[in-house]
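Printed here is my_file21.txt (compact mmCIF, C-alpha atoms (C1' of nucleotides)):
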# COMPACT_ATOMS: atom_id res chain seq x y z
CA MET A 1 115.80 80.56 65.37
CA SER A 2 114.15 78.61 68.16
CA ILE A 3 115.84 76.02 70.35
CA PHE A 4 112.91 73.73 69.43
CA ASP A 5 112.50 72.30 65.96
CA ASP A 6 109.16 71.58 64.31
CA LYS A 7 109.37 67.88 65.05
CA THR A 8 109.76 68.53 68.78
CA THR A 9 106.86 70.99 68.76
CA TYR A 10 104.64 68.55 66.88
CA SER A 11 105.41 65.73 69.30
CA LEU A 12 104.00 67.81 72.18
CA ALA A 13 100.84 68.86 70.35
CA ARG A 14 98.47 66.48 72.16
CA LEU A 15 100.18 66.35 75.55
CA HIS A 16 97.28 68.34 77.01
CA GLU A 17 95.13 65.22 77.06
CA PRO A 18 97.08 63.18 79.66
CA LEU A 19 98.01 66.38 81.52
CA LEU A 20 94.41 67.55 81.93
CA ALA A 21 93.23 64.05 82.90
CA TRP A 22 95.95 63.89 85.55
CA TYR A 23 95.19 67.42 86.75
CA ASP A 24 91.49 66.66 87.16
CA THR A 25 92.14 63.78 89.55
CA CYS A 26 95.44 64.67 91.25
CA LYS A 27 95.48 68.44 91.72
CA ARG A 28 95.96 69.79 95.24
CA GLU A 29 93.19 71.46 97.19
CA ILE A 30 94.08 75.15 97.21
CA PRO A 31 92.01 78.07 98.58
CA TRP A 32 92.12 80.15 95.39
CA ARG A 33 91.28 77.26 93.10
CA GLY A 34 87.78 76.72 91.75
CA ALA A 35 85.17 79.45 91.34
CA SER A 36 87.20 82.51 92.21
CA SER A 37 87.21 86.11 91.01
CA SER A 38 89.90 87.64 88.85
CA TYR A 39 90.89 89.65 91.93
CA PHE A 40 91.53 86.48 93.93
CA VAL A 41 93.49 84.97 91.03
CA TRP A 42 95.57 88.14 90.89
CA VAL A 43 96.29 88.22 94.64
CA SER A 44 97.31 84.56 94.60
CA GLU A 45 99.58 84.97 91.56
CA ILE A 46 101.40 87.96 93.03
CA MET A 47 101.92 86.07 96.30
CA LEU A 48 103.13 83.01 94.39
CA GLN A 49 105.97 84.87 92.64
CA GLN A 50 109.14 83.10 93.82
CA THR A 51 107.11 81.63 96.66
CA ARG A 52 105.79 78.12 97.28
CA VAL A 53 102.08 77.27 97.48
CA GLU A 54 102.36 76.05 101.08
CA ALA A 55 103.83 79.39 102.21
CA VAL A 56 101.06 81.34 100.47
CA ARG A 57 97.95 79.55 101.81
CA ALA A 58 97.64 81.33 105.16
CA TYR A 59 98.68 84.73 103.78
CA PHE A 60 96.09 84.47 101.02
CA LEU A 61 93.26 83.68 103.43
CA ARG A 62 94.18 86.50 105.82
CA PHE A 63 94.74 89.02 103.02
CA THR A 64 91.47 88.35 101.21
CA ALA A 65 89.53 88.35 104.48
CA ALA A 66 90.90 91.81 105.30
CA LEU A 67 90.64 93.11 101.72
CA PRO A 68 87.81 91.16 100.04
CA THR A 69 87.63 93.29 96.88
CA LEU A 70 89.95 95.14 94.54
CA GLN A 71 88.44 98.40 95.81
CA HIS A 72 89.38 97.53 99.40
CA LEU A 73 92.96 96.99 98.21
CA ALA A 74 93.03 100.30 96.33
CA GLU A 75 91.87 102.20 99.42
CA CYS A 76 93.95 100.42 102.08
CA ASP A 77 96.59 102.45 103.92
CA GLU A 78 100.18 101.37 103.36
CA GLN A 79 100.88 100.49 106.99
CA THR A 80 98.04 97.94 107.05
CA LEU A 81 99.06 96.61 103.65
CA LEU A 82 102.66 95.93 104.69
CA LYS A 83 101.48 94.32 107.94
CA LEU A 84 99.35 91.90 105.90
CA TRP A 85 102.43 91.08 103.81
CA GLU A 86 104.83 90.89 106.79
CA GLY A 87 107.10 87.84 106.48
CA LEU A 88 106.18 87.04 102.88
CA GLY A 89 109.11 88.95 101.39
CA TYR A 90 109.64 90.92 98.18
CA TYR A 91 107.59 93.75 99.63
CA ASN A 92 107.47 95.74 96.38
CA ARG A 93 105.00 93.11 95.18
CA VAL A 94 102.26 94.45 97.44
CA ARG A 95 103.12 98.11 96.83
CA ASN A 96 102.96 97.52 93.06
CA MET A 97 99.72 95.60 93.46
CA GLN A 98 98.13 98.57 95.18
CA LYS A 99 99.41 100.95 92.48
CA ALA A 100 97.82 98.66 89.91
CA ALA A 101 94.56 98.48 91.91
CA LYS A 102 94.27 102.27 91.85
CA ILE A 103 94.80 102.26 88.08
CA VAL A 104 92.16 99.55 87.65
CA MET A 105 89.69 101.57 89.74
CA GLU A 106 90.29 104.71 87.68
CA GLN A 107 90.71 103.30 84.19
CA TYR A 108 88.94 99.94 84.07
CA GLY A 109 85.88 100.38 86.28
CA GLY A 110 87.29 98.25 89.09
CA GLU A 111 87.72 95.00 87.15
CA LEU A 112 91.01 93.65 85.80
CA PRO A 113 91.05 94.01 81.98
CA ARG A 114 90.32 90.87 79.94
CA SER A 115 93.40 91.34 77.82
CA TYR A 116 96.92 89.94 78.09
CA GLU A 117 98.42 93.14 76.66
CA LEU A 118 96.55 95.46 79.02
CA LEU A 119 97.34 93.29 82.06
CA LEU A 120 101.00 93.51 81.08
CA THR A 121 100.95 97.30 81.41
CA LEU A 122 100.01 97.19 85.12
CA PRO A 123 102.73 97.56 87.80
CA GLY A 124 103.98 94.23 89.11
CA ILE A 125 102.42 92.20 86.27
CA GLY A 126 104.99 90.70 83.89
CA GLU A 127 104.65 88.08 81.20
CA TYR A 128 104.10 85.18 83.57
CA THR A 129 101.48 86.90 85.74
CA ALA A 130 99.63 88.42 82.76
CA GLY A 131 99.43 84.96 81.22
CA ALA A 132 98.30 83.39 84.48
CA ILE A 133 95.50 85.90 85.11
CA ALA A 134 94.35 85.92 81.49
CA SER A 135 94.21 82.12 81.24
CA ILE A 136 93.05 81.18 84.76
CA ALA A 137 90.53 83.96 85.34
CA TYR A 138 89.32 84.44 81.74
CA ASN A 139 90.40 81.31 79.81
CA ILE A 140 92.22 83.43 77.26
CA PRO A 141 94.56 81.03 75.38
CA VAL A 142 97.92 82.51 76.37
CA PRO A 143 100.76 80.59 78.05
CA CYS A 144 102.23 81.30 81.47
CA VAL A 145 105.80 80.12 81.75
CA ASP A 146 107.39 79.99 85.20
CA GLY A 147 110.19 77.92 86.69
CA ASN A 148 107.95 74.85 86.93
CA VAL A 149 106.96 74.97 83.26
CA MET A 150 110.53 75.40 82.04
CA ARG A 151 111.70 72.54 84.24
CA VAL A 152 108.94 70.21 82.98
CA LEU A 153 109.35 71.13 79.32
CA SER A 154 113.16 71.07 79.41
CA ARG A 155 112.92 67.49 80.70
CA VAL A 156 110.20 66.41 78.29
CA THR A 157 112.29 67.66 75.37
CA ALA A 158 115.70 66.93 76.97
CA ASN A 159 116.76 70.44 76.03
CA SER A 160 120.02 71.77 77.49
CA ALA A 161 119.61 75.45 76.61
CA ASP A 162 120.34 77.77 79.58
CA ILE A 163 116.92 78.77 80.93
CA THR A 164 118.30 81.92 82.56
CA LEU A 165 118.64 83.47 79.07
CA SER A 166 115.67 85.60 78.05
CA SER A 167 115.84 84.31 74.48
CA VAL A 168 115.42 80.76 75.77
CA LYS A 169 112.42 81.75 77.89
CA LYS A 170 110.78 83.21 74.79
CA ASP A 171 111.18 79.89 73.00
CA TYR A 172 109.51 78.09 75.93
CA GLN A 173 106.64 80.59 75.77
CA VAL A 174 106.11 79.83 72.08
CA LEU A 175 106.25 76.09 72.76
CA ALA A 176 103.79 76.35 75.68
CA GLN A 177 101.48 78.48 73.53
CA SER A 178 101.38 75.73 70.89
CA MET A 179 100.35 73.16 73.51
CA ILE A 180 97.19 74.95 74.73
CA PRO A 181 94.06 72.95 73.80
CA MET A 182 91.84 74.98 71.45
CA ASP A 183 88.13 74.64 70.79
CA ASP A 184 88.08 73.68 67.11
CA SER A 185 84.44 74.71 66.63
CA SER A 186 85.51 78.36 66.77
CA ASN A 187 87.09 79.80 63.63
CA SER A 188 87.92 83.38 64.56
CA PRO A 189 91.19 84.44 62.93
CA ALA A 190 92.56 86.15 66.06
CA LEU A 191 94.01 83.59 68.45
CA GLN A 192 93.12 85.46 71.61
CA ASP A 193 89.49 85.81 70.50
CA ARG A 194 89.18 82.08 70.04
CA SER A 195 87.78 80.02 72.81
CA SER A 196 89.76 77.65 74.95
CA PRO A 197 87.59 76.55 77.86
CA ARG A 198 90.51 74.82 79.55
CA ALA A 199 93.41 77.20 78.90
CA GLY A 200 93.69 77.99 82.62
CA ASP A 201 93.48 74.36 83.68
CA PHE A 202 96.09 73.37 81.12
CA ASN A 203 98.56 76.03 82.29
CA GLN A 204 97.97 75.01 85.88
CA SER A 205 98.44 71.33 85.01
CA LEU A 206 102.00 72.03 83.81
CA MET A 207 102.81 74.02 86.96
CA GLU A 208 101.15 71.49 89.25
CA LEU A 209 103.14 68.68 87.65
CA GLY A 210 106.34 70.67 88.18
CA ALA A 211 105.50 71.40 91.81
CA THR A 212 104.41 67.91 92.86
CA VAL A 213 105.94 65.33 90.45
CA CYS A 214 108.60 66.84 88.19
CA VAL A 215 110.23 68.44 91.22
CA PRO A 216 113.50 70.35 91.61
CA ASN A 217 116.13 69.37 94.21
CA GLY A 218 116.94 65.75 93.64
CA ALA A 219 115.22 63.08 91.61
CA PRO A 220 111.73 63.70 90.16
CA LEU A 221 108.91 61.18 90.82
CA CYS A 222 108.88 59.74 87.31
CA ASP A 223 107.07 56.56 88.36
CA VAL A 224 103.85 58.50 88.96
CA CYS A 225 104.21 60.93 86.04
CA PRO A 226 101.32 60.94 83.53
CA ILE A 227 103.60 61.79 80.59
CA GLN A 228 106.49 59.54 81.53
CA THR A 229 106.49 57.61 78.26
CA GLN A 230 106.67 60.84 76.26
CA CYS A 231 109.51 62.37 78.25
CA LYS A 232 112.90 62.30 76.55
CA ALA A 233 114.80 62.88 79.80
CA PHE A 234 113.05 59.93 81.49
CA LEU A 235 113.70 57.73 78.47
CA SER A 236 117.41 58.64 78.64
CA GLY A 237 117.43 58.03 82.38
CA ASN A 238 118.78 61.47 83.31
CA PRO A 239 115.90 63.84 84.18
CA GLN A 240 118.02 65.44 86.91
CA HIS A 241 120.33 66.88 84.23
CA TYR A 242 117.60 69.38 83.34
CA PRO A 243 117.06 72.26 83.34
CA VAL A 244 120.47 73.81 82.76
CA LYS A 245 121.07 77.14 84.54
CA THR A 246 124.16 79.31 84.91
CA ALA A 247 125.42 79.91 88.42
CA LYS A 248 124.41 82.95 90.43
CA THR A 249 126.84 85.50 91.81
CA ALA A 250 128.01 85.08 95.38
CA ARG A 251 126.37 86.83 98.32
CA LYS A 252 128.12 89.64 100.10
CA ILE A 253 128.33 89.78 103.87
CA GLU A 254 127.27 92.80 105.94
CA LYS A 255 127.96 93.14 109.66
CA LYS A 256 125.42 95.14 111.67
CA THR A 257 124.77 96.08 115.27
CA ILE A 258 121.10 95.89 116.22
CA VAL A 259 120.12 98.00 119.24
CA ILE A 260 116.75 97.55 120.89
CA LEU A 261 116.17 100.82 122.73
CA MET A 262 113.51 100.57 125.43
CA TYR A 263 111.79 102.92 127.80
CA GLY A 264 109.00 101.44 129.90
CA ASP A 265 106.71 99.48 127.59
CA GLN A 266 107.91 101.37 124.53
CA VAL A 267 110.55 100.56 121.94
CA LEU A 268 112.23 102.82 119.40
CA LEU A 269 111.49 101.95 115.77
CA GLN A 270 112.78 103.48 112.56
CA LYS A 271 111.11 103.29 109.17
CA ARG A 272 113.29 102.07 106.32
CA PRO A 273 113.52 104.15 103.11
CA ASN A 274 110.80 103.88 100.50
CA SER A 275 113.02 102.05 98.04
CA GLY A 276 115.65 99.36 98.20
CA LEU A 277 115.94 96.44 100.59
CA LEU A 278 112.88 95.92 102.85
CA ALA A 279 111.43 99.23 101.65
CA GLY A 280 108.92 100.81 104.02
CA LEU A 281 109.31 98.23 106.79
CA TRP A 282 110.19 99.12 110.39
CA GLU A 283 113.32 98.09 112.26
CA PHE A 284 115.20 98.64 115.50
CA TRP A 285 117.91 101.28 115.75
CA SER A 286 121.04 99.90 114.10
CA MET A 287 124.56 100.75 113.01
CA ASP A 288 126.89 99.38 110.36
CA GLY A 289 129.62 97.05 111.62
CA TRP A 290 129.98 95.30 114.97
CA LEU A 291 130.27 97.57 118.01
CA ASN A 292 131.48 96.35 121.39
CA ARG A 293 129.96 97.59 124.64
CA ASP A 294 132.21 100.67 124.96
CA GLU A 295 131.79 101.65 121.33
CA LEU A 296 128.03 101.35 121.72
CA THR A 297 128.06 103.50 124.85
CA ASN A 298 129.99 106.18 122.98
CA ALA A 299 127.71 105.97 119.97
CA LEU A 300 124.68 106.40 122.21
CA MET A 301 126.26 109.38 123.98
CA GLU A 302 126.84 111.05 120.63
CA GLN A 303 123.08 110.84 120.16
CA GLY A 304 122.56 112.40 123.60
CA ILE A 305 121.34 109.12 125.06
CA PHE A 306 122.31 107.74 128.45
CA ALA A 307 121.74 104.07 129.02
CA ASN A 308 120.45 102.71 132.31
CA ALA A 309 121.57 99.21 131.42
CA ILE A 310 123.02 97.50 128.36
CA HIS A 311 122.42 93.78 127.83
CA SER A 312 124.32 91.84 125.18
CA LEU A 313 122.17 89.63 122.99
CA LYS A 314 123.22 86.61 120.99
CA LYS A 315 124.65 87.02 117.52
CA ALA A 316 122.24 86.27 114.72
CA LYS A 317 122.47 85.62 111.00
CA HIS A 318 119.98 86.17 108.23
CA ILE A 319 120.46 85.12 104.62
CA PHE A 320 118.79 87.07 101.82
CA SER A 321 119.20 85.95 98.22
CA HIS A 322 122.02 88.45 97.60
CA ILE A 323 123.16 89.61 101.08
CA GLU A 324 124.00 87.94 104.38
CA TRP A 325 123.46 89.94 107.55
CA GLN A 326 125.67 89.02 110.50
CA MET A 327 124.21 90.79 113.49
CA GLN A 328 125.38 91.62 116.99
CA GLY A 329 122.51 92.68 119.25
CA TYR A 330 122.03 94.78 122.39
CA LEU A 331 119.02 95.61 124.49
CA VAL A 332 119.28 99.03 126.12
CA TYR A 333 117.07 100.52 128.85
CA LEU A 334 117.04 104.31 128.87
CA GLU A 335 116.96 106.58 131.93
CA LYS A 336 114.69 109.02 130.22
CA LEU A 337 112.79 109.27 126.96
CA SER A 338 115.10 110.62 124.27
CA THR A 339 114.33 111.04 120.62
CA ILE A 340 116.72 109.94 117.93
CA GLY A 341 116.56 111.40 114.46
CA GLY A 342 113.78 109.77 112.47
CA GLY A 343 112.82 107.36 115.22
CA GLU A 344 109.38 106.71 116.68
CA TRP A 345 108.56 105.35 120.15
CA VAL A 346 106.00 102.58 119.91
CA LYS A 347 104.21 100.55 122.60
CA LEU A 348 104.81 96.79 122.37
CA THR A 349 101.12 96.02 121.82
CA ASP A 350 101.02 98.56 118.99
CA LEU A 351 104.16 97.08 117.46
CA ARG A 352 102.70 93.58 117.41
CA GLU A 353 99.45 94.67 115.79
CA ASN A 354 100.39 97.43 113.41
CA TYR A 355 104.08 97.61 112.54
CA ALA A 356 105.65 95.33 109.93
CA LEU A 357 109.11 94.08 110.89
CA PRO A 358 111.29 92.05 108.51
CA SER A 359 111.84 88.38 109.31
CA ALA A 360 115.57 89.17 109.25
CA LEU A 361 115.09 90.65 112.74
CA LYS A 362 112.99 87.79 114.08
CA ALA A 363 115.71 86.60 116.45
CA TYR A 364 115.78 90.03 118.11
CA SER A 365 112.03 90.65 118.17
CA LYS A 366 111.80 87.32 120.02
CA GLU A 367 114.49 88.49 122.44
CA LEU A 368 112.46 91.63 123.00
CA GLU A 369 109.38 89.60 123.91
CA ARG A 370 111.47 87.42 126.25
CA TRP A 371 112.78 90.42 128.19
CA VAL A 372 109.43 92.12 128.47
CA LEU A 373 107.12 89.23 129.37
CA PRO A 374 108.24 88.35 132.93
C1' DA B 1 122.06 91.06 80.08
C1' DA B 2 122.76 91.55 84.90
C1' DA B 3 121.68 92.92 89.38
C1' DG B 4 118.42 93.98 93.19
C1' DC B 5 114.81 92.21 95.81
C1' DG B 6 112.77 87.78 101.06
C1' DG B 7 112.17 84.09 103.14
C1' DG B 8 111.83 79.32 103.74
C1' DG B 9 112.10 74.35 102.27
C1' DT B 10 114.98 70.56 100.68
C1' DC B 11 118.85 67.71 99.86
C1' DG C 1 126.62 74.44 102.43
C1' DA C 2 123.93 74.86 97.64
C1' DC C 3 119.82 75.09 95.17
C1' DC C 4 115.24 76.46 94.28
C1' DC C 5 110.75 78.51 94.42
C1' DA C 6 103.37 79.74 90.12
C1' DG C 7 109.07 86.65 88.80
C1' DC C 8 109.27 91.81 88.29
C1' DT C 9 111.77 96.07 87.99
C1' DT C 10 115.72 98.81 87.46
C1' DT C 11 120.22 99.62 85.70
In structure tokens, how does this file's structure come out?
Amino acid sequence: MSIFDDKTTYSLARLHEPLLAWYDTCKREIPWRGASSSYFVWVSEIMLQQTRVEAVRAYFLRFTAALPTLQHLAECDEQTLLKLWEGLGYYNRVRNMQKAAKIVMEQYGGELPRSYELLLTLPGIGEYTAGAIASIAYNIPVPCVDGNVMRVLSRVTANSADITLSSVKKDYQVLAQSMIPMDDSSNSPALQDRSSPRAGDFNQSLMELGATVCVPNGAPLCDVCPIQTQCKAFLSGNPQHYPVKTAKTARKIEKKTIVILMYGDQVLLQKRPNSGLLAGLWEFWSMDGWLNRDELTNALMEQGIFANAIHSLKKAKHIFSHIEWQMQGYLVYLEKLSTIGGGEWVKLTDLRENYALPSALKAYSKELERWVLP
DNA sequence: AAAGCGGGGTC
DNA sequence: GACCCAGCTTT
């Protein structure tokens, strides 16, 4: 039983006309829009997961310049890959994308399959991304339902169902599917074999409207909306009541001590584990909890390290979606080069060019540059 | 169904 | 502060 009745579905049947007309004249200029390969569509869609268009622009241009084809991606070493993704977050996205690229090279002759179901089997490609690639790159008439689409459609229909429920998302996918403009001259029985020259544009028109007009955070710009007169939430004067979502669980706080160990123009880095938070990225030596100067000196001595000088750095905070790091920092000059388990001494120039550090440590990597420059 | 997974913009 | 973002994977 769907949250949408037949009458609601029928009332949206021809909404593609004003949406496409609006999209044709008002869409933003975006690097991956226009005549682009399925590979470029794929790269952009992975980058856009939980990430705004404005944040993606520069990353997309740099990434596709370095790795212009799917084969380049499949053959890239992981260190370079993570450096290209540095600062964009959700780093498993790029590792999964490379896994998928290797599969595409081996099983599909180097081109992404022209099938929603086959796309869905690739690592890192879920229902949204499979629908986006299939419709935007190949004009296959399948929906792609993201946060924008659910926000727009929940307002248009004034529907209060909780969009965090997977059953509700399914109903939005069915509704979005029914809205895709179909070429009536084709009469193939299988929907996905039928032609829909504007399936990709239509899906993008819904997302573009959500991103630029039917916005989250505060009041939407209903006065410039092309489907204002057909929006139930606008007509009731309460678009900001939609969509309805249940609250997220609270973040937990973790205290850490960040220690920048230096010797000459080298700094000690450690590689994070291959799974979990910030998997595969590099970081400074660190310990759980806040250590004062004496405790740090003792901790270093236990590692067989004797500090020449210990400088206290400012406290710093970084907020992830589910964790908050509260960090106390130190910069330590060593008397002689000592190795710590699992660590690697890296020259500053090498660090800047080749080692991916999480943005969570940005305050301390800046401190490092400040101490070294003069 | 819920939790883990980044980082930044906006109000 | 809280909320959200062209979501996916694991538990």
At most 9 Å is the cut-off: for each residue in chain A with any atom that close to an atom of chain C, write down the nearest atom pair and the distance in Å rounded to one decimal, counting all atoms listed in the file, chain first then increasing number, as CSV.
residue,atom,partner,partner_atom,distance
A:Ser44,CA,C:DA6,C1',8.9
A:Glu45,CA,C:DA6,C1',6.6
A:Ile46,CA,C:DG7,C1',8.9
A:Met47,CA,C:DA6,C1',9.0
A:Leu48,CA,C:DA6,C1',5.4
A:Gln49,CA,C:DG7,C1',5.2
A:Gln50,CA,C:DC5,C1',4.9
A:Thr51,CA,C:DC5,C1',5.3
A:Arg52,CA,C:DC5,C1',5.7
A:Val53,CA,C:DA6,C1',7.9
A:Arg93,CA,C:DC8,C1',8.2
A:Pro123,CA,C:DC8,C1',8.7
A:Gly124,CA,C:DC8,C1',5.9
A:Ile125,CA,C:DC8,C1',7.2
A:Gly126,CA,C:DC8,C1',6.2
A:Glu127,CA,C:DG7,C1',8.9
A:Tyr128,CA,C:DG7,C1',7.4
A:Thr129,CA,C:DG7,C1',8.2
A:Ala132,CA,C:DA6,C1',8.4
A:Cys144,CA,C:DA6,C1',8.9
A:Val145,CA,C:DA6,C1',8.7
A:Asp146,CA,C:DA6,C1',6.4
A:Gly147,CA,C:DC5,C1',7.8
A:Asn148,CA,C:DA6,C1',7.4
A:Gln204,CA,C:DA6,C1',8.3
A:Met207,CA,C:DA6,C1',6.6
A:Glu208,CA,C:DA6,C1',8.6
A:Ala211,CA,C:DA6,C1',8.8
A:Pro216,CA,C:DC4,C1',6.9
A:Asn217,CA,C:DC3,C1',6.9
For the residues in that selection, give me C-alpha atoms as a compact mmCIF listing (two decimals), keeping the file's coordinate frame.
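That gives us selection-v1.txt:
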# COMPACT_ATOMS: atom_id res chain seq x y z
CA SER A 44 97.31 84.56 94.60
CA GLU A 45 99.58 84.97 91.56
CA ILE A 46 101.40 87.96 93.03
CA MET A 47 101.92 86.07 96.30
CA LEU A 48 103.13 83.01 94.39
CA GLN A 49 105.97 84.87 92.64
CA GLN A 50 109.14 83.10 93.82
CA THR A 51 107.11 81.63 96.66
CA ARG A 52 105.79 78.12 97.28
CA VAL A 53 102.08 77.27 97.48
CA ARG A 93 105.00 93.11 95.18
CA PRO A 123 102.73 97.56 87.80
CA GLY A 124 103.98 94.23 89.11
CA ILE A 125 102.42 92.20 86.27
CA GLY A 126 104.99 90.70 83.89
CA GLU A 127 104.65 88.08 81.20
CA TYR A 128 104.10 85.18 83.57
CA THR A 129 101.48 86.90 85.74
CA ALA A 132 98.30 83.39 84.48
CA CYS A 144 102.23 81.30 81.47
CA VAL A 145 105.80 80.12 81.75
CA ASP A 146 107.39 79.99 85.20
CA GLY A 147 110.19 77.92 86.69
CA ASN A 148 107.95 74.85 86.93
CA GLN A 204 97.97 75.01 85.88
CA MET A 207 102.81 74.02 86.96
CA GLU A 208 101.15 71.49 89.25
CA ALA A 211 105.50 71.40 91.81
CA PRO A 216 113.50 70.35 91.61
CA ASN A 217 116.13 69.37 94.21
Contact residues (chain B, partner chain A, 7 Å, all atoms listed in the file) as a PyMOL selection string: chain B and resi 5-7+10-11
Separation of C1' of DG4 (chain B) from CA of Met97 (chain A), in Å and rounded to one decimal: 18.8 Å
Of the listed residues A:Ser365, A:Asn292, A:Gln326, A:Thr157, that which approaches Phe4 (chain A) most closely, counting all atoms listed in the file: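 Residue with the minimum atom-to-atom distance to Phe4 (chain A): A:Thr157.
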Atomic separation - CA of Arg33 (chain A) relative to CA of Leu120 (chain A), Å: 22.4 Å
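Going from CA of Ser178 (chain A) over to CA of Thr9 (chain A), you cover 7.6 Å.
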A:Lys336, A:Ile136, A:Val104, A:Asn308 ranked by distance to Leu122 (chain A), top pick (using all atoms listed in the file): A:Val104
12 Å contact set for Ala100 (chain A), all atoms listed in the file, chain neighbours under 2 positions out, as an MDAnalysis selection string: chainID A and resid 39 42:43 46 70:71 73:75 92:98 102:108 110:113 118:125
Nearby residues (all atoms listed in the file) at most 10 Å from Leu281 (chain A), same-chain spacing under 4 positions excluded, as number ranges by chain: A: 79, 82-83, 86, 91, 269-274, 277, 355-358
Taking C-alpha atoms for each residue, export the selection above as a short mmCIF file (atom, residue, chain, number, x, y, z; two decimals), keeping the file's coordinate frame.
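Listed below is the output, result18.cif:
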data_model
loop_
_atom_site.label_atom_id
_atom_site.label_comp_id
_atom_site.auth_asym_id
_atom_site.auth_seq_id
_atom_site.Cartn_x
_atom_site.Cartn_y
_atom_site.Cartn_z
CA GLN A 79 100.88 100.49 106.99
CA LEU A 82 102.66 95.93 104.69
CA LYS A 83 101.48 94.32 107.94
CA GLU A 86 104.83 90.89 106.79
CA TYR A 91 107.59 93.75 99.63
CA LEU A 269 111.49 101.95 115.77
CA GLN A 270 112.78 103.48 112.56
CA LYS A 271 111.11 103.29 109.17
CA ARG A 272 113.29 102.07 106.32
CA PRO A 273 113.52 104.15 103.11
CA ASN A 274 110.80 103.88 100.50
CA LEU A 277 115.94 96.44 100.59
CA TYR A 355 104.08 97.61 112.54
CA ALA A 356 105.65 95.33 109.93
CA LEU A 357 109.11 94.08 110.89
CA PRO A 358 111.29 92.05 108.51
#
